[in-house]
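A.B. asks: My structure is below; once you've seen it, I'll send some questions.
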Amino acid sequence: MHVVMDVLVYDSAATTPFYEQQVDIKRQDDNYWYKFEQNEMLMTEKYLIMLDRNARQITCSKRSLETESQLANHFRFDIDSILSLYPSPEYLGIEGNAEHFRFRQQDGPISEVHFYIIPDKQQLKKMEYSYRTGQLARIQFHVFRNDVAFEPETFAESNYVTIEKKSIRPSRYFQHFQMVDLTRH
């Protein structure tokens with residue numbers, strides 16, 4: 001899976017966002033990589049590696065697929081159950097190549113949620129959240145693919161750390177970063 005999206009937040013009636021960030025997420029089997037702002041995270045079969053470019057720090061811990069699986073089972077959500085929390089969607093027509101649906105909420109900080117769905121691909125193009133305070137949050141998808149295979153280097157631990165028998169240290173790309181090794185805990 002590969003998803004690239006922009007997250008934009010606007011004040012009421014503003015045409016320029018006060019917050020704008022691109023998020024890149026890659027997943028293949030049990031391997032995950034994401035980049036958000038100055039942070040990156042890599043999850044491999046053995047490790048969880050987090051990179052904070054602002055703090056110039058790499059944190060590495062062991063990954064437990066069994067624990068993650070158990071935790072995921074507790075937090076499974078059925079999309080139909082989630083949508084049942086909203087009154088019926090309103091179909092607002094076609095916008096570009098996407099069908100536009102609106103859900104209105106009676107309570108809570110969000111008054112409306114908009115979904116833009118490309119029908120022939122059954123793919124989400126955009127979501128918008130209208131807040132009662134007047135702010136608008138928009139998530140716009142540029143890439144949303146399930147049919148992608150990545151090169152093995154995409155999920156290589158060596159992009160971030162060098163792992164030796166008794167130690168983990170930053171890779172040559174991040175040799176001046178502080179290393180926080182939590183693999184022995």
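Ordered as shown in the structure tokens, chains take letters A, B, and onward, while each chain numbers its residues from 1 and ligands are numbered from 1 in the order shown.
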Taking the chain letters and numbering used in this document, name the residues of chain A that DSSP puts in helix (DSSP H, G or I), as a count of residues only.

C.D. replies: 25

A.B. asks: Excluding stretch 106-113 of chain A and any residue of its chain fewer than 3 positions from it, enumerate the residues within 6 Å of it, using only C-alpha atoms, and give them as number ranges by chain.

C.D. replies: A: 102-103, 128-132

A.B. asks: Measuring between only C-alpha atoms, which one of A:Phe155, A:Phe101, A:Tyr173, A:Phe141 shows the shortest distance to A:Asp24?

C.D. replies: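 For A:Asp24, the nearest of the candidates is A:Phe141.
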
A.B. asks: Which of these residues is nearest to A:Ala137, using only C-alpha atoms: A:Met50, A:Leu42, A:Ala14, A:Met179?

C.D. replies: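 Once distances to A:Ala137 are computed over only C-alpha atoms, the minimum belongs to A:Ala14.
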
A.B. asks: Give me the residues near A:His100 as a VMD selection string, where near means some atom within 10 Å (using only C-alpha atoms) and where sequence neighbours in that chain fewer than 4 positions away do not count.

C.D. replies: chain A and resid 89 to 96 114 to 118 125 to 127
